[in-house]
file data.cif (mmCIF, C-alpha atoms)
data_input
loop_
_atom_site.label_atom_id
_atom_site.label_comp_id
_atom_site.auth_asym_id
_atom_site.auth_seq_id
_atom_site.Cartn_x
_atom_site.Cartn_y
_atom_site.Cartn_z
CA MET A 283 -51.77 -47.98 270.66
CA ARG A 284 -52.56 -51.30 272.22
CA PHE A 285 -54.84 -52.68 274.84
CA ARG A 286 -55.02 -55.86 276.81
CA TRP A 287 -58.15 -57.99 276.80
CA LEU A 288 -58.54 -61.55 278.07
CA GLY A 289 -54.78 -61.69 278.55
CA MET A 290 -54.15 -60.96 274.86
CA VAL A 291 -52.70 -57.80 273.37
CA PHE A 292 -54.62 -56.06 270.60
CA ASP A 293 -53.08 -53.43 268.38
CA ILE A 294 -55.72 -50.84 267.50
CA PRO A 295 -54.24 -49.45 264.22
CA THR A 296 -53.66 -52.98 262.95
CA MET A 297 -57.25 -53.93 263.71
CA ILE A 298 -58.56 -50.80 262.03
CA MET A 299 -56.47 -51.46 258.90
CA THR A 300 -57.50 -55.11 258.88
CA VAL A 301 -61.17 -54.17 258.91
CA ILE A 302 -60.70 -51.41 256.31
CA THR A 303 -58.89 -53.81 253.97
CA ALA A 304 -61.53 -56.50 254.44
CA VAL A 305 -64.28 -53.99 253.67
CA ILE A 306 -62.44 -52.74 250.56
CA VAL A 307 -61.89 -56.31 249.35
CA PHE A 308 -65.50 -57.22 249.94
CA LEU A 309 -66.89 -54.08 248.29
CA PHE A 310 -64.53 -54.55 245.34
CA LEU A 311 -65.57 -58.17 244.81
CA PHE A 312 -69.22 -57.40 245.51
CA PHE A 313 -69.26 -54.54 243.00
CA MET A 314 -67.36 -56.57 240.41
CA THR A 315 -69.75 -59.50 240.55
CA ARG A 316 -73.02 -57.59 240.19
CA ARG A 317 -75.13 -58.00 237.05
CA MET A 318 -73.07 -60.81 235.57
CA HIS A 319 -74.45 -62.75 232.67
CA ALA A 320 -73.50 -66.05 231.10
CA GLY A 321 -73.25 -64.61 227.60
CA VAL A 322 -70.30 -62.71 226.16
CA PRO A 323 -68.75 -60.88 229.16
CA SER A 324 -68.03 -57.18 229.02
CA GLY A 325 -66.49 -54.45 231.17
CA ARG A 326 -65.83 -55.37 234.77
CA GLN A 327 -67.08 -58.90 234.30
CA ASN A 328 -64.05 -59.45 232.04
CA VAL A 329 -61.77 -58.27 234.85
CA ILE A 330 -63.27 -60.45 237.57
CA GLU A 331 -63.38 -63.45 235.24
CA TRP A 332 -59.74 -62.90 234.41
CA VAL A 333 -58.84 -62.77 238.12
CA PHE A 334 -60.97 -65.83 238.81
CA ASP A 335 -59.32 -67.78 235.99
CA PHE A 336 -55.90 -66.55 237.13
CA VAL A 337 -56.41 -67.93 240.65
CA ARG A 338 -57.96 -71.12 239.33
CA GLY A 339 -55.01 -71.51 236.95
CA ILE A 340 -52.50 -71.21 239.81
CA ALA A 341 -54.43 -73.74 241.89
CA GLY A 342 -54.75 -75.93 238.78
CA ASN A 343 -50.95 -76.02 238.44
CA PHE A 344 -50.74 -78.15 241.57
CA MET A 345 -54.07 -79.97 241.64
CA ASP A 346 -56.48 -81.44 239.17
CA ALA A 347 -59.10 -79.01 237.89
CA LYS A 348 -61.95 -80.34 240.03
CA THR A 349 -60.01 -80.11 243.32
CA ALA A 350 -58.59 -76.74 242.33
CA THR A 351 -62.06 -75.25 241.91
CA LYS A 352 -62.81 -75.92 245.60
CA PHE A 353 -59.98 -73.63 246.72
CA VAL A 354 -60.63 -70.75 244.34
CA THR A 355 -62.62 -68.78 246.92
CA LEU A 356 -59.79 -69.04 249.46
CA GLY A 357 -57.17 -68.27 246.81
CA LEU A 358 -59.08 -65.34 245.35
CA THR A 359 -59.75 -63.79 248.77
CA LEU A 360 -56.15 -64.32 249.89
CA PHE A 361 -54.74 -62.86 246.69
CA ILE A 362 -56.91 -59.76 246.59
CA TYR A 363 -56.67 -59.21 250.34
CA ILE A 364 -52.88 -59.35 250.32
CA PHE A 365 -52.62 -57.37 247.10
CA ILE A 366 -54.78 -54.53 248.41
CA SER A 367 -53.07 -54.67 251.83
CA ASN A 368 -49.68 -54.31 250.19
CA GLN A 369 -50.78 -51.33 248.11
CA LEU A 370 -52.53 -49.48 250.95
CA GLY A 371 -49.27 -48.51 252.64
CA VAL A 372 -47.57 -47.50 249.40
CA ALA A 373 -50.00 -44.69 248.56
CA PHE A 374 -49.80 -42.85 251.90
CA ASN A 375 -49.31 -43.32 255.65
CA ILE A 376 -51.15 -41.54 258.44
CA THR A 377 -49.22 -40.90 261.64
CA THR A 378 -50.23 -38.73 264.54
CA HIS A 379 -47.64 -36.84 266.51
CA HIS A 380 -48.24 -36.29 270.20
CA THR A 381 -46.31 -33.80 272.29
CA GLY A 382 -46.74 -32.36 275.71
CA GLN A 383 -48.81 -34.10 278.28
CA VAL A 384 -50.83 -37.22 277.40
CA SER A 385 -53.37 -38.84 279.66
CA GLU A 386 -52.47 -41.79 281.85
CA ARG A 387 -54.78 -44.00 279.81
CA VAL A 388 -53.07 -43.20 276.50
CA LEU A 389 -49.69 -43.71 278.17
CA ASP A 390 -50.85 -47.13 279.31
CA MET A 391 -52.01 -48.04 275.82
CA LEU A 392 -48.77 -46.84 274.28
CA SER A 393 -46.58 -48.85 276.61
CA VAL A 394 -48.30 -52.22 276.44
CA SER A 395 -45.65 -54.89 275.82
CA GLY A 396 -44.88 -58.57 276.27
CA THR A 397 -43.40 -58.58 279.73
CA PRO A 398 -43.85 -56.19 282.71
CA GLU A 399 -40.15 -55.32 282.56
CA ALA A 400 -40.37 -54.41 278.87
CA GLU A 401 -43.49 -52.43 279.63
CA GLU A 402 -41.70 -50.48 282.34
CA ALA A 403 -38.78 -49.75 280.03
CA LYS A 404 -41.07 -48.67 277.24
CA ARG A 405 -43.07 -46.41 279.50
CA ALA A 406 -39.87 -44.80 280.71
CA VAL A 407 -38.71 -44.15 277.13
CA ILE A 408 -42.07 -42.60 276.17
CA GLU A 409 -42.18 -40.43 279.22
CA GLU A 410 -38.65 -39.28 278.54
CA LYS A 411 -39.52 -38.38 274.93
CA LEU A 412 -42.64 -36.50 276.01
CA ALA A 413 -40.71 -34.63 278.67
CA ALA A 414 -38.02 -33.66 276.13
CA GLY A 415 -40.73 -32.19 273.86
CA GLU A 416 -39.85 -34.69 271.12
CA GLY A 417 -43.26 -36.34 271.32
CA VAL A 418 -44.38 -39.82 270.23
CA GLU A 419 -45.72 -40.95 266.89
CA ILE A 420 -48.55 -43.39 266.32
CA ALA A 421 -48.91 -44.91 262.84
CA TRP A 422 -52.62 -45.26 262.05
CA TRP A 423 -52.60 -45.99 258.35
CA LYS A 424 -50.15 -48.58 257.04
CA SER A 425 -50.18 -51.84 255.15
CA PRO A 426 -51.79 -54.51 257.35
CA THR A 427 -49.28 -56.92 255.87
CA ALA A 428 -46.45 -54.78 257.27
CA THR A 429 -47.48 -56.20 260.66
CA PRO A 430 -46.36 -59.73 261.54
CA SER A 431 -49.62 -60.42 263.39
CA VAL A 432 -51.54 -60.13 260.12
CA THR A 433 -49.21 -62.21 257.99
CA PHE A 434 -48.92 -64.87 260.69
CA ALA A 435 -52.71 -64.93 260.94
CA LEU A 436 -53.11 -65.43 257.18
CA ALA A 437 -50.44 -68.13 257.09
CA LEU A 438 -52.03 -69.81 260.10
CA CYS A 439 -55.39 -69.88 258.31
CA VAL A 440 -53.84 -71.46 255.22
CA LEU A 441 -51.68 -74.00 257.06
CA LEU A 442 -54.39 -75.07 259.50
CA TYR A 443 -56.81 -75.39 256.62
CA SER A 444 -54.32 -77.51 254.67
CA HIS A 445 -53.86 -79.81 257.68
CA TYR A 446 -57.63 -79.96 258.14
CA ILE A 447 -57.96 -81.11 254.52
CA GLY A 448 -55.24 -83.73 255.06
CA ILE A 449 -56.84 -85.05 258.26
CA ARG A 450 -60.32 -85.13 256.77
CA LYS A 451 -59.05 -87.04 253.77
CA SER A 452 -57.21 -89.71 255.74
CA PHE A 453 -55.96 -89.31 259.29
CA SER A 454 -53.40 -92.11 258.99
CA GLY A 455 -52.18 -90.73 255.67
CA TRP A 456 -51.80 -87.26 257.17
CA PHE A 457 -50.08 -88.65 260.27
CA LYS A 458 -47.63 -90.68 258.22
CA HIS A 459 -46.88 -87.75 255.97
CA VAL A 460 -46.33 -85.23 258.75
CA PHE A 461 -44.74 -87.20 261.60
CA LEU A 462 -42.85 -90.17 260.17
CA ASN A 463 -40.16 -88.11 258.49
CA PRO A 464 -37.98 -85.73 260.61
CA ILE A 465 -37.59 -83.43 257.60
CA HIS A 466 -41.36 -83.24 257.33
CA ILE A 467 -41.77 -82.48 261.05
CA LEU A 468 -39.29 -79.65 260.63
CA GLU A 469 -41.04 -78.51 257.47
CA GLU A 470 -44.59 -78.60 258.78
CA PHE A 471 -44.00 -77.07 262.22
CA ILE A 472 -41.10 -74.70 261.75
CA ILE A 473 -40.25 -73.94 258.15
CA LYS A 474 -43.69 -73.41 256.64
CA PRO A 475 -45.24 -71.44 259.54
CA LEU A 476 -42.20 -69.16 259.67
CA THR A 477 -41.26 -68.64 256.02
CA LEU A 478 -44.73 -68.09 254.64
CA PRO A 479 -45.69 -65.11 256.84
CA LEU A 480 -42.20 -63.67 257.33
CA ARG A 481 -41.49 -63.48 253.59
CA LEU A 482 -44.58 -61.36 253.05
CA PHE A 483 -44.07 -59.28 256.20
CA GLY A 484 -40.40 -58.68 255.49
CA ASN A 485 -40.94 -57.44 251.96
CA ILE A 486 -43.78 -55.08 252.80
CA PHE A 487 -42.32 -53.84 256.08
CA ALA A 488 -38.97 -53.16 254.41
CA GLY A 489 -40.79 -51.26 251.67
CA GLU A 490 -42.57 -49.07 254.18
CA VAL A 491 -39.44 -48.47 256.22
CA LEU A 492 -37.62 -47.33 253.11
CA ILE A 493 -40.55 -45.12 252.09
CA GLY A 494 -40.44 -43.52 255.55
CA PHE A 495 -36.68 -43.05 255.23
CA LEU A 496 -36.98 -41.46 251.78
CA LEU A 497 -39.82 -39.21 252.96
CA ALA A 498 -37.42 -37.84 255.58
CA GLY A 499 -34.99 -37.08 252.76
CA GLY A 500 -37.17 -34.24 251.48
CA VAL A 501 -36.90 -32.87 247.94
CA PHE A 502 -33.60 -34.60 247.16
CA ALA A 503 -35.15 -38.01 247.75
CA SER A 504 -38.20 -37.35 245.56
CA ILE A 505 -36.87 -39.23 242.51
CA PRO A 506 -35.68 -42.30 244.47
CA LEU A 507 -38.97 -42.16 246.38
CA PHE A 508 -40.90 -42.16 243.10
CA LEU A 509 -38.86 -45.13 241.85
CA TRP A 510 -39.22 -46.98 245.11
CA GLU A 511 -42.99 -46.42 245.20
CA GLY A 512 -43.24 -47.99 241.74
CA TYR A 513 -41.06 -50.87 242.83
CA SER A 514 -43.17 -51.30 245.97
CA VAL A 515 -46.30 -51.69 243.86
CA PHE A 516 -44.44 -54.36 241.91
CA VAL A 517 -43.17 -56.08 245.07
CA GLY A 518 -46.67 -55.97 246.58
CA SER A 519 -48.13 -57.69 243.51
CA ILE A 520 -45.36 -60.29 243.37
CA GLN A 521 -45.64 -61.05 247.09
CA ALA A 522 -49.41 -61.49 246.79
CA PHE A 523 -48.80 -63.89 243.92
CA ILE A 524 -46.11 -65.80 245.83
CA PHE A 525 -48.27 -66.10 248.93
CA LEU A 526 -51.15 -67.38 246.81
CA ALA A 527 -48.96 -69.85 244.91
CA LEU A 528 -47.32 -71.22 248.07
CA SER A 529 -50.69 -71.51 249.82
CA MET A 530 -51.96 -73.55 246.89
CA VAL A 531 -48.81 -75.71 246.99
CA TYR A 532 -49.25 -76.39 250.70
CA ILE A 533 -52.94 -77.17 250.27
CA SER A 534 -52.23 -79.39 247.26
CA GLN A 535 -49.67 -81.37 249.30
CA GLN A 536 -52.50 -82.37 251.62
CA ALA A 537 -55.29 -82.55 249.05
CA ASN A 538 -53.49 -84.64 246.44
CA ASP A 539 -53.11 -88.40 246.62
CA GLY A 540 -49.60 -89.67 247.24
CA HIS A 541 -46.47 -87.61 247.60
CA MET B 469 -46.88 -60.79 272.69
CA LEU B 470 -43.42 -60.54 271.14
CA ASP B 471 -41.93 -57.07 271.18
CA PHE B 472 -38.92 -56.08 269.07
CA GLY B 473 -39.47 -52.36 269.25
CA GLN B 474 -40.94 -51.40 265.91
CA VAL B 475 -41.86 -54.98 265.08
CA THR B 476 -44.38 -56.61 267.37
CA LEU B 477 -46.42 -59.75 267.21
CA GLU B 478 -49.64 -59.61 269.21
CA LEU B 479 -51.75 -62.67 269.78
CA GLY B 480 -54.93 -60.58 270.04
CA SER B 481 -54.40 -58.83 266.71
CA LEU B 482 -53.54 -62.19 265.18
CA LEU B 483 -56.76 -63.81 266.36
CA PHE B 484 -58.72 -60.71 265.36
CA GLN B 485 -57.21 -60.94 261.88
CA VAL B 486 -58.08 -64.65 261.66
CA ILE B 487 -61.69 -63.90 262.57
CA VAL B 488 -61.93 -60.97 260.14
CA PHE B 489 -60.42 -63.07 257.39
CA ILE B 490 -62.81 -65.96 257.99
CA ILE B 491 -65.79 -63.57 257.96
CA LEU B 492 -64.43 -62.05 254.74
CA LEU B 493 -64.06 -65.53 253.25
CA ILE B 494 -67.65 -66.41 254.07
CA ALA B 495 -68.93 -63.10 252.69
CA VAL B 496 -66.86 -63.41 249.51
CA SER B 497 -67.97 -66.99 249.05
CA LYS B 498 -71.62 -66.00 249.44
CA PHE B 499 -71.68 -62.73 247.49
CA ALA B 500 -68.83 -62.96 244.98
CA THR B 501 -67.41 -66.35 244.09
CA GLY B 502 -70.80 -68.03 244.47
CA PRO B 503 -72.34 -65.90 241.71
CA ILE B 504 -69.18 -66.26 239.59
CA SER B 505 -69.23 -70.06 239.89
CA ALA B 506 -72.97 -70.15 239.16
CA MET B 507 -72.45 -67.90 236.14
CA LEU B 508 -69.51 -69.98 234.86
CA GLU B 509 -71.54 -73.16 235.33
CA LYS B 510 -74.44 -71.55 233.46
CA ARG B 511 -72.11 -70.52 230.66
CA ARG B 512 -70.61 -74.01 230.52
CA GLN B 513 -74.08 -75.49 230.17
CA HIS B 514 -75.02 -72.83 227.63
CA VAL B 515 -71.98 -73.64 225.49
CA GLU B 516 -72.65 -77.35 225.87
CA ASN B 517 -76.25 -76.86 224.75
CA GLU B 518 -75.19 -74.72 221.83
CA ILE B 519 -72.70 -77.35 220.69
CA SER B 520 -75.22 -80.17 220.91
CA ALA B 521 -77.85 -78.03 219.17
CA ALA B 522 -75.41 -77.26 216.37
CA GLU B 523 -74.60 -80.97 216.10
CA ARG B 524 -78.31 -81.80 215.96
CA SER B 525 -79.07 -79.25 213.26
CA ARG B 526 -76.08 -80.44 211.26
CA GLN B 527 -77.39 -84.00 211.37
CA GLU B 528 -80.87 -82.77 210.50
CA ALA B 529 -79.50 -80.86 207.53
CA GLU B 530 -77.62 -83.94 206.40
CA THR B 531 -80.75 -86.08 206.60
CA LEU B 532 -82.76 -83.48 204.72
CA LEU B 533 -80.06 -83.21 202.08
CA SER B 534 -79.99 -86.95 201.45
CA GLU B 535 -83.80 -86.98 201.42
CA GLN B 536 -83.83 -84.19 198.86
CA ARG B 537 -81.21 -85.96 196.80
CA ARG B 538 -83.26 -89.14 196.86
CA LEU B 539 -86.43 -87.28 195.85
CA LEU B 540 -84.60 -85.53 193.02
CA ASP B 541 -83.26 -88.85 191.72
CA GLU B 542 -86.73 -90.33 191.95
CA ALA B 543 -88.28 -87.44 190.03
CA ARG B 544 -85.56 -87.66 187.40
CA ASN B 545 -86.14 -91.39 186.95
CA GLU B 546 -89.87 -90.89 186.73
CA ALA B 547 -89.48 -88.19 184.09
CA LYS B 548 -87.20 -90.49 182.13
CA ALA B 549 -89.72 -93.32 182.36
CA ILE B 550 -92.54 -91.06 181.22
CA LEU B 551 -90.50 -89.78 178.32
CA ASP B 552 -89.58 -93.32 177.31
CA ARG B 553 -93.14 -94.45 177.53
CA VAL B 554 -94.40 -91.52 175.47
CA THR B 555 -91.72 -92.02 172.84
CA LYS B 556 -92.57 -95.69 172.60
CA GLN B 557 -96.26 -94.92 172.40
CA ALA B 558 -95.72 -92.39 169.65
CA GLY B 559 -93.59 -94.90 167.73
CA ASP B 560 -96.27 -97.57 168.11
CA GLU B 561 -98.95 -95.15 166.99
CA ALA B 562 -96.97 -94.20 163.91
CA ALA B 563 -96.38 -97.84 163.05
CA ARG B 564 -100.06 -98.57 163.55
CA ILE B 565 -101.11 -95.68 161.32
CA VAL B 566 -98.67 -96.75 158.60
CA GLU B 567 -99.90 -100.33 158.91
CA GLU B 568 -103.49 -99.21 158.69
CA ALA B 569 -102.75 -97.10 155.64
CA ARG B 570 -100.98 -100.01 154.04
CA ALA B 571 -103.91 -102.33 154.78
CA THR B 572 -106.38 -99.84 153.37
CA ALA B 573 -104.31 -99.45 150.25
CA GLU B 574 -104.07 -103.21 149.92
CA ARG B 575 -107.79 -103.55 150.35
CA LEU B 576 -108.53 -100.85 147.83
CA LYS B 577 -106.11 -102.40 145.39
CA ALA B 578 -107.67 -105.83 145.79
CA GLU B 579 -111.15 -104.40 145.36
CA ALA B 580 -110.12 -102.60 142.24
CA GLN B 581 -108.56 -105.77 140.84
CA ALA B 582 -111.69 -107.73 141.61
CA ASP B 583 -113.85 -105.11 139.95
CA LEU B 584 -111.64 -105.19 136.92
CA ALA B 585 -111.77 -108.96 136.68
CA ARG B 586 -115.56 -108.90 136.98
CA GLU B 587 -115.81 -106.27 134.31
CA VAL B 588 -113.60 -108.39 132.04
CA GLU B 589 -115.71 -111.48 132.69
CA LYS B 590 -118.84 -109.48 132.06
CA ALA B 591 -117.44 -108.13 128.79
CA LYS B 592 -116.33 -111.63 127.80
CA ALA B 593 -119.79 -113.01 128.48
CA GLU B 594 -121.42 -110.22 126.59
CA LEU B 595 -119.09 -110.65 123.72
CA ARG B 596 -119.71 -114.42 123.74
CA GLU B 597 -123.42 -113.81 123.67
CA GLN B 598 -123.12 -111.34 120.87
CA VAL B 599 -120.81 -113.69 118.96
CA THR B 600 -123.26 -116.54 119.50
CA GLY B 601 -126.10 -114.40 118.25
CA LEU B 602 -124.08 -113.31 115.26
CA SER B 603 -123.09 -116.90 114.64
CA VAL B 604 -126.65 -118.00 114.74
CA LEU B 605 -127.57 -115.19 112.44
CA LEU B 606 -124.72 -116.13 110.17
CA ALA B 607 -125.63 -119.75 110.36
CA SER B 608 -129.24 -119.11 109.53
CA LYS B 609 -128.02 -117.02 106.62
CA ILE B 610 -125.77 -119.87 105.48
CA ILE B 611 -128.50 -122.47 106.00
CA GLU B 612 -130.64 -120.48 103.87
CA LYS B 613 -128.05 -121.21 101.22
CA GLU B 614 -127.12 -124.82 101.96
CA LEU B 615 -129.05 -126.79 104.51
CA ASP B 616 -126.22 -128.98 105.54
CA GLU B 617 -126.56 -128.39 109.21
CA ALA B 618 -124.07 -130.92 110.22
CA THR B 619 -121.30 -129.46 108.11
CA GLN B 620 -122.29 -126.04 109.25
CA LYS B 621 -122.19 -127.03 112.86
CA SER B 622 -118.69 -128.27 112.71
CA SER B 623 -117.51 -125.21 110.88
CA ILE B 624 -119.31 -122.98 113.45
CA ASP B 625 -117.70 -124.82 116.35
CA GLN B 626 -114.36 -124.44 114.71
CA PHE B 627 -115.01 -120.78 114.26
CA LEU B 628 -116.15 -120.37 117.82
CA LYS B 629 -113.12 -122.16 119.04
CA GLN B 630 -110.91 -119.85 117.08
CA VAL B 631 -112.76 -116.84 118.54
CA GLY B 632 -112.45 -118.27 122.02
CA ASP B 633 -108.75 -118.85 121.67
CA ARG B 634 -108.19 -115.33 120.47
CA LEU B 635 -110.03 -113.83 123.36
#
call {"tool": "encode", "arguments": {"input": "data.cif", "output": "structure tokens"}}
result
Amino acid sequence: MRFRWLGMVFDIPTMIMTVITAVIVFLFLFFMTRRMHAGVPSGRQNVIEWVFDFVRGIAGNFMDAKTATKFVTLGLTLFIYIFISNQLGVAFNITTHHTGQVSERVLDMLSVSGTPEAEEAKRAVIEEKLAAGEGVEIAWWKSPTATPSVTFALALCVLLYSHYIGIRKSFSGWFKHVFLNPIHILEEFIIKPLTLPLRLFGNIFAGEVLIGFLLAGGVFASIPLFLWEGYSVFVGSIQAFIFLALSMVYISQQANDGH
Amino acid sequence: MLDFGQVTLELGSLLFQVIVFIILLIAVSKFATGPISAMLEKRRQHVENEISAAERSRQEAETLLSEQRRLLDEARNEAKAILDRVTKQAGDEAARIVEEARATAERLKAEAQADLAREVEKAKAELREQVTGLSVLLASKIIEKELDEATQKSSIDQFLKQVGDRL
């Protein structure tokens, strides 16, 4: 389900999941940080302090403590956002199945694609499926991070922010670091922007594809499905950690003096 | 938009995600990490204060302890001085009393000796008087017999001398 606005394509389920995840993250953090006191912490304050120290520790691995503290908000939000995103698709998926006749408007939204030719082809395929009684499926609930748009957006935020820090610190220093070495040009404009989001997307998307495959396997696949769900939780946590750690590395490369 | 069938990359969703994430960041910074940082800063200050307060009270205790020790030493010295003084005084007093007693005894002894000597002198004088009287009596008795006063006188003197030597 997509629509076009201002020449850009928007994917409705992705946007819904993005907003849901953001709301969950915010409510979680908001609830966890109520009624904190500076004395001996207890209950949920212990948890949020542990998470806070965890993120600060990762940032502190690459920067001095004072600089690291500035990026804890970004790191904490990134980590929890990605962690919750990854787990959302593991628990369950919601897909709607449409058969028979669908309205012209829905057909338009279903067939939105990059080029008019691709759009035509897609529309033809959907119409064929509907005519054959097979129907079309729309996935409404899935991990936001199983969509490249989301992971590319997060990576873009981190990388642009890191460059912003570098430029603000010293434009000539940033310029020399980024442009005077061909390896660095390759790294900054191709390797980092591709590997950071695609690693996360690939892991989570593959997890969901396999979950979908095992769900189709019925009763016989229940034990592998159970195992794979557990592994997906693990992968989701690890990928959130890796994304956080790499973000902090990239930021530290711009925030630290000398390379 | 890139379309690979199941995998698609939409610019609109991407920008929407960026905006949502930035809004989330601002909200988290305002409502979650802000309070956490404030609380951690408060705790840091609290711990710092506690440490400095502990250090202060430790120093205070040390000062008080040395003060107490000094006072105790002072009191001990004073007690010793008082004891010494009293002992000395008592010794002096005893010596004085003994001395006084000795002096009194001496005085009494001397008085007694003087009395005795006076008594002796008195007795001697009395005796001399009596002897003289007797001598005169004797002499008058003798003169009655032979009136040779001159001879008598010499014999009386001799006699008296003998008496005097014997006394």
call {"tool": "interface_residues", "arguments": {"input": "data.cif", "of": "chain B", "to": "chain A", "cutoff": "8 Å", "atoms": "all atoms listed in the file", "output": "ChimeraX atom specification"}}
result
/B:469-471,475-486,488-489,492-493,495-497,499-501,503-504,507-508,510-511,514
call {"tool": "atom_distance", "arguments": {"input": "data.cif", "atom1": "CA of Trp456 in chain A", "atom2": "CA of Ser529 in chain A"}}
result
17.4 Å
call {"tool": "atom_distance", "arguments": {"input": "data.cif", "atom1": "CA of Ile376 in chain A", "atom2": "CA of Ala421 in chain A"}}
result
6.0 Å
call {"tool": "axis_aligned_box", "arguments": {"input": "data.cif", "around": "range 324-340 of chain A", "padding_each_side": "6 Å", "output": "AutoDock Vina command-line options"}}
result
--center_x -60.3 --center_y -63.0 --center_z 234.8 --size_x 27.5 --size_y 29.1 --size_z 23.6
call {"tool": "closest_residue", "arguments": {"input": "data.cif", "among": "A:Ser534, A:Asn375, A:Asn485, A:Ser393", "to": "Leu497 in chain A", "atoms": "all atoms listed in the file"}}
result
A:Asn375
call {"tool": "atom_distance", "arguments": {"input": "data.cif", "atom1": "CA of Gln513 in chain B", "atom2": "CA of Ile362 in chain A"}}
result
28.5 Å
call {"tool": "closest_residue", "arguments": {"input": "data.cif", "among": "A:Leu389, A:Ile420, A:Ile364, A:Leu480", "to": "Ile408 in chain A", "atoms": "all atoms listed in the file"}}
result
A:Leu389
call {"tool": "resolve_selection", "arguments": {"input": "data.cif", "expression": "the PyMOL selection byres ((chain A and resi 379) around 9)", "output": "list in words"}}
result
Thr377, Thr378, His380, Thr381, Gly417, Val418, Glu419, Ile420 and Ala421 of chain A
call {"tool": "resolve_selection", "arguments": {"input": "data.cif", "expression": "the PyMOL selection byres ((chain A and resi 339) around 12)", "output": "ChimeraX atom specification"}}
result
/A:331-338,340-351,353-354,357-358,526-527,530
call {"tool": "residues_around", "arguments": {"input": "data.cif", "residues": "range 602-607 of chain B", "least_positions_apart": "2", "cutoff": "9 Å", "atoms": "all atoms listed in the file", "output": "list in words"}}
result
Glu597, Gln598, Val599, Thr600, Lys609, Ile610, Ile611, Glu612, Glu617, Gln620, Lys621, Ile624, Phe627 and Leu628 of chain B
